[in-house]
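S.K.: Structure incoming, see below.
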Amino acid sequence: MHLYKPACADIPSPKLGLPKSSESALKCRRHLAVTKPPPQAACWPGRPSGAAERKFLEKFLRVHGISLQETTRAETGMAYRNLGKSGLRVSCLGLGTWVTFGGQISDEVAERLMTIAYESGVNLFDTAEVYAAGKAEVILGSIIKKKGWRRSSLVITTKLYWGGKAETERGLSRKHIIEEIVRAMTHVINQGMAMYWGTSRWSAMEIMEAYSVARQFNMIPPVCEQAEYHLFQREKVEVQLPELYHKIGVGAMTWSPLACGIISGKYGNGVPESSRASLKCYQWLKERIVSEEGRKQQNKLKDLSPIAERLGCTLPQLAVAWCLRNEGVSSVLLGSSTPEQLIENLGAIQASATTLPTKLQGISWSSEDVPSQCPISLHLYPSLCHSFPQAFLDGGGENVSAGGEGRTFPVRGPRGVLL
């Protein structure tokens, strides 16, 4: 299709008006019909090359006092990924507030942790209404207000379910969040109270049902599922979620990459007094560590430590970087109680970008302990073909057995919807 640019002679003078006789009008139409249009290049110049386009963009931004080199990504080295198949860009490492904010650490330490994370390029901060009975949300908001950080530069996620002691203050009923889950989340987004919504510890069937309801009634479907994922918990993220990602665009926001601190190695000689497992409300974690299964995991970690040293990173960095190798994971949430611990875990960005892709290829891999049906995820996620060494794998369901037959530990983290 060519665009025709009329010459001056083709445009009738406003004083003369249009030709009155039909013969004059016919001549005018014939003249217009036979006029040869200009070449296409005159109307639609060719698209500039990538280098030329970038040069033009840099020139344009320089006029407005902006530089491509002054972005948060360029300054911090943080990597960013889309949350599922949505357009929301989140840092591949986020900061969680479970146990720590309003409980294990003081408000001053919480502010220090958020400052380190923000200055390192982290834009995703996760909380929930049940964390410290709501104190975690309050502390998070107070720190953001005190720091004066632009709200547009942050992605804040919270979870609904365990809101209070009364029956009308918990669950996902109409009373609690206005309407049934999908309709309520659509209402929340339409009212401007949130931009996206997702799920936390939902089954694949439940997520698919929510998506179907949203499509059927022209509502907004979930964009992500928040799931536990680490070396000892792999089934859901590597088997179930890949199908959802490729079919309906639901991404994974994973938590507990160090298995509540177990993979950090600090429980190798017992339970330290200042650790999470020493808290009164986390006796289930202590029982898990001292169980037969916990001792097996500690033995695996002892064999893994020399590999981390050979790769030039710490054991926690290796564990976090291992999670980031899964391209179905949009972001990994970190839980830290000290600034030093957070800085160490953030170092997994460099490990995943440089150390792992090149040096892990020299290790003999085995897929015998990969979760069942893993060929599905291996087909969808090629990077998972390089499974972890056989000695360090341990698939698991949502309940972890603890020595005695029929005895299980409770699943960690709240189940609900993610805003």
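Following the order of the structure tokens, first chain is A, next is B, and so on, with residues numbered from 1 inside each chain and ligands from 1 in the order they appear.
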Assign secondary structure with DSSP using the backbone only, and return the residues of segment 102-220 of chain A in alpha helix (DSSP H) as JSON, numbers by chain.

M.R.: {"A": [107, 108, 109, 110, 111, 112, 113, 114, 115, 116, 117, 118, 119, 135, 136, 137, 138, 139, 140, 141, 142, 143, 144, 145, 146, 147, 174, 175, 176, 177, 181, 182, 183, 184, 185, 186, 187, 188, 189, 190, 204, 205, 206, 207, 208, 209, 210, 211, 212, 213, 214, 215, 216]}

S.K.: Rank nothing, just name the residue among A:Ile307, A:Leu334, A:Val239, A:Ala184 nearest to Met114 of chain A, using only C-alpha atoms.

M.R.: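 Checking each of A:Ile307, A:Leu334, A:Val239, A:Ala184 against Met114 of chain A, counting only C-alpha atoms, the winner is A:Leu334.
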
S.K.: Of the candidates A:Glu180, A:Glu108, A:Glu137, A:Glu273, which one gets nearest to Gly96 of chain A if we count only C-alpha atoms?

M.R.: A:Glu137

S.K.: Near Gln317 of chain A, within 7 Å and counting only C-alpha atoms, which residues show up once chain neighbours fewer than 5 positions away are dropped, as a list in words?

M.R.: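 Once the adjacent positions are removed, what remains is Glu344, Asn345, Gly347, Ala348 and Ala351 of chain A.
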
S.K.: For Thr186 of chain A, which of A:Leu258, A:Ala227, A:Ile220, A:Ala136 is the closest residue, counting only C-alpha atoms?

M.R.: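 Nearest to Thr186 of chain A: A:Ile220.
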
S.K.: For each of A:Ser256, A:Thr158, A:Ser274, A:Ser264, take the minimum atom-to-atom distance to Gly134 of chain A, counting only C-alpha atoms, then give the residue where this is smallest.

M.R.: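 Under the stated criterion, the closest residue is A:Thr158.
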
S.K.: What's the 9 Å shell around Val90 of chain A, counting only C-alpha atoms, without same-chain residues fewer than 5 positions away, as a PyMOL selection string?

M.R.: chain A and resi 79-83+122-124+154-155+330-331

S.K.: Restricting it to all heavy atoms, dump the selection as an mmCIF file, in the first residue's frame.

M.R.:
```
data_model
loop_
_atom_site.group_PDB
_atom_site.id
_atom_site.type_symbol
_atom_site.label_atom_id
_atom_site.label_comp_id
_atom_site.auth_asym_id
_atom_site.auth_seq_id
_atom_site.Cartn_x
_atom_site.Cartn_y
_atom_site.Cartn_z
ATOM 1 N N ALA A 79 19.579 -8.468 38.343
ATOM 2 C CA ALA A 79 18.858 -8.959 37.169
ATOM 3 C C ALA A 79 17.358 -8.869 37.429
ATOM 4 O O ALA A 79 16.901 -9.037 38.560
ATOM 5 C CB ALA A 79 19.260 -10.398 36.864
ATOM 6 N N TYR A 80 16.606 -8.608 36.384
ATOM 7 C CA TYR A 80 15.153 -8.454 36.508
ATOM 8 C C TYR A 80 14.468 -9.398 35.519
ATOM 9 O O TYR A 80 14.971 -9.624 34.416
ATOM 10 C CB TYR A 80 14.726 -7.009 36.249
ATOM 11 C CG TYR A 80 15.294 -6.031 37.266
ATOM 12 C CD1 TYR A 80 16.560 -5.471 37.080
ATOM 13 C CD2 TYR A 80 14.588 -5.698 38.404
ATOM 14 C CE1 TYR A 80 17.098 -4.592 38.011
ATOM 15 C CE2 TYR A 80 15.117 -4.823 39.347
ATOM 16 C CZ TYR A 80 16.360 -4.274 39.142
ATOM 17 O OH TYR A 80 16.879 -3.417 40.072
ATOM 18 N N ARG A 81 13.323 -9.923 35.947
ATOM 19 C CA ARG A 81 12.555 -10.837 35.121
ATOM 20 C C ARG A 81 11.081 -10.447 35.155
ATOM 21 O O ARG A 81 10.624 -9.798 36.095
ATOM 22 C CB ARG A 81 12.705 -12.280 35.627
ATOM 23 C CG ARG A 81 14.142 -12.795 35.621
ATOM 24 C CD ARG A 81 14.234 -14.193 36.239
ATOM 25 N NE ARG A 81 15.601 -14.703 36.231
ATOM 26 C CZ ARG A 81 15.969 -15.870 36.736
ATOM 27 N NH1 ARG A 81 15.059 -16.664 37.303
ATOM 28 N NH2 ARG A 81 17.225 -16.275 36.686
ATOM 29 N N ASN A 82 10.356 -10.874 34.128
ATOM 30 C CA ASN A 82 8.918 -10.663 34.136
ATOM 31 C C ASN A 82 8.260 -11.602 35.138
ATOM 32 O O ASN A 82 8.668 -12.758 35.280
ATOM 33 C CB ASN A 82 8.323 -10.904 32.747
ATOM 34 C CG ASN A 82 8.613 -9.752 31.805
ATOM 35 O OD1 ASN A 82 9.763 -9.365 31.611
ATOM 36 N ND2 ASN A 82 7.576 -9.199 31.220
ATOM 37 N N LEU A 83 7.248 -11.105 35.831
ATOM 38 C CA LEU A 83 6.500 -11.933 36.761
ATOM 39 C C LEU A 83 5.521 -12.775 35.959
ATOM 40 O O LEU A 83 4.484 -12.282 35.496
ATOM 41 C CB LEU A 83 5.757 -11.077 37.776
ATOM 42 C CG LEU A 83 5.007 -11.814 38.885
ATOM 43 C CD1 LEU A 83 5.962 -12.702 39.686
ATOM 44 C CD2 LEU A 83 4.294 -10.851 39.806
ATOM 45 N N VAL A 122 17.095 -4.518 44.669
ATOM 46 C CA VAL A 122 15.886 -5.289 44.969
ATOM 47 C C VAL A 122 14.684 -4.355 44.925
ATOM 48 O O VAL A 122 14.679 -3.311 45.598
ATOM 49 C CB VAL A 122 15.986 -5.964 46.350
ATOM 50 C CG1 VAL A 122 14.664 -6.621 46.728
ATOM 51 C CG2 VAL A 122 17.115 -6.983 46.360
ATOM 52 N N ASN A 123 13.675 -4.712 44.158
ATOM 53 C CA ASN A 123 12.450 -3.908 44.122
ATOM 54 C C ASN A 123 11.229 -4.674 44.613
ATOM 55 O O ASN A 123 10.135 -4.128 44.667
ATOM 56 C CB ASN A 123 12.185 -3.377 42.702
ATOM 57 C CG ASN A 123 11.761 -4.469 41.729
ATOM 58 O OD1 ASN A 123 11.814 -5.657 42.028
ATOM 59 N ND2 ASN A 123 11.364 -4.059 40.542
ATOM 60 N N LEU A 124 11.414 -5.957 44.966
ATOM 61 C CA LEU A 124 10.312 -6.798 45.414
ATOM 62 C C LEU A 124 10.428 -7.062 46.910
ATOM 63 O O LEU A 124 11.426 -7.615 47.377
ATOM 64 C CB LEU A 124 10.313 -8.126 44.640
ATOM 65 C CG LEU A 124 9.280 -9.169 45.062
ATOM 66 C CD1 LEU A 124 7.869 -8.636 44.886
ATOM 67 C CD2 LEU A 124 9.459 -10.456 44.271
ATOM 68 N N LEU A 154 8.885 0.347 43.548
ATOM 69 C CA LEU A 154 8.768 -0.809 44.427
ATOM 70 C C LEU A 154 7.622 -1.715 43.993
ATOM 71 O O LEU A 154 6.614 -1.249 43.456
ATOM 72 C CB LEU A 154 8.520 -0.357 45.873
ATOM 73 C CG LEU A 154 9.576 0.550 46.511
ATOM 74 C CD1 LEU A 154 9.077 1.043 47.854
ATOM 75 C CD2 LEU A 154 10.896 -0.180 46.665
ATOM 76 N N VAL A 155 7.784 -2.995 44.256
ATOM 77 C CA VAL A 155 6.717 -3.979 44.085
ATOM 78 C C VAL A 155 6.493 -4.613 45.457
ATOM 79 O O VAL A 155 7.350 -5.339 45.956
ATOM 80 C CB VAL A 155 7.084 -5.056 43.048
ATOM 81 C CG1 VAL A 155 5.964 -6.085 42.940
ATOM 82 C CG2 VAL A 155 7.357 -4.429 41.694
ATOM 83 N N SER A 330 10.404 -16.552 38.599
ATOM 84 C CA SER A 330 10.471 -15.115 38.356
ATOM 85 C C SER A 330 11.315 -14.413 39.401
ATOM 86 O O SER A 330 12.073 -13.497 39.091
ATOM 87 C CB SER A 330 9.060 -14.515 38.342
ATOM 88 O OG SER A 330 8.269 -15.077 37.310
ATOM 89 N N SER A 331 11.184 -14.821 40.661
ATOM 90 C CA SER A 331 11.941 -14.192 41.738
ATOM 91 C C SER A 331 12.075 -15.157 42.901
ATOM 92 O O SER A 331 11.173 -15.969 43.158
ATOM 93 C CB SER A 331 11.252 -12.899 42.199
ATOM 94 O OG SER A 331 12.025 -12.213 43.160
#
```

S.K.: Measuring atom to atom with only C-alpha atoms, identify which of A:Val109, A:Lys236, A:Ala194, A:Ser120 is nearest to Ile139 of chain A.

M.R.: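 Checking each candidate against Ile139 of chain A, we get A:Val109 as the closest.
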
S.K.: From a DSSP calculation on the backbone, collect every residue of segment 59-194 of chain A in strand (DSSP E or B) and output the set as a PyMOL selection string.

M.R.: chain A and resi 80-82+89-91+93-96+124-126+155-157+159-160+162+170

S.K.: By how many Å are atom CA of Glu228 of chain A and atom CA of Trp255 of chain A apart?

M.R.: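 Going from atom CA of Glu228 of chain A over to atom CA of Trp255 of chain A, I get 5.0 Å.
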
S.K.: Do a neighbour search on Ala214 of chain A at 9 Å with only C-alpha atoms, toss out local chain neighbours closer than 5 positions, and write the hits as a list of chain:residue names.

M.R.: A:Val182, A:Arg183, A:Thr186, A:Glu209, A:Met219, A:Ile220, A:Pro221, A:Pro222

S.K.: Using only C-alpha atoms, which residue out of A:Gly312, A:Gly141, A:Gly94, A:Gly328 lies closest to Gln350 of chain A?

M.R.: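 Of A:Gly312, A:Gly141, A:Gly94, A:Gly328, the one nearest Gln350 of chain A, counting only C-alpha atoms, is A:Gly312.
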
S.K.: Do you have the atom CA of Ile105 of chain A-atom CA of Gln341 of chain A distance handy?

M.R.: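 Pair atom CA of Ile105 of chain A / atom CA of Gln341 of chain A returns 13.0 Å.
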
S.K.: Using only C-alpha atoms, determine which residues lie at most 9 Å from Val332 of chain A, disregarding the query and same-chain residues fewer than 3 positions distant; provide the list as JSON, numbers by chain.

M.R.: {"A": [91, 92, 93, 94, 95, 229, 252, 253, 254, 255, 256, 257, 320, 323, 324, 329]}

S.K.: Next, write the just-selected residues to a file, as a short mmCIF file (atom, residue, chain, number, x, y, z; two decimals), in the first residue's frame, keeping C-alpha atoms as the atom set.

M.R.:
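Result file follows (selection-v2.cif):
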```cif
data_model
loop_
_atom_site.label_atom_id
_atom_site.label_comp_id
_atom_site.auth_asym_id
_atom_site.auth_seq_id
_atom_site.Cartn_x
_atom_site.Cartn_y
_atom_site.Cartn_z
CA SER A 91 14.14 -8.27 40.72
CA CYS A 92 15.15 -11.92 40.56
CA LEU A 93 15.89 -11.69 44.29
CA GLY A 94 13.31 -10.27 46.70
CA LEU A 95 13.23 -9.66 50.45
CA TYR A 229 11.59 -24.26 46.39
CA ALA A 252 6.73 -18.85 40.20
CA MET A 253 7.76 -16.62 43.09
CA THR A 254 9.68 -19.01 45.32
CA TRP A 255 10.54 -18.76 49.00
CA SER A 256 12.83 -20.44 51.51
CA PRO A 257 15.76 -21.15 49.13
CA VAL A 320 20.16 -19.45 45.87
CA CYS A 323 17.11 -21.73 42.29
CA LEU A 324 17.77 -18.89 39.85
CA VAL A 329 11.27 -18.82 38.57
#
```
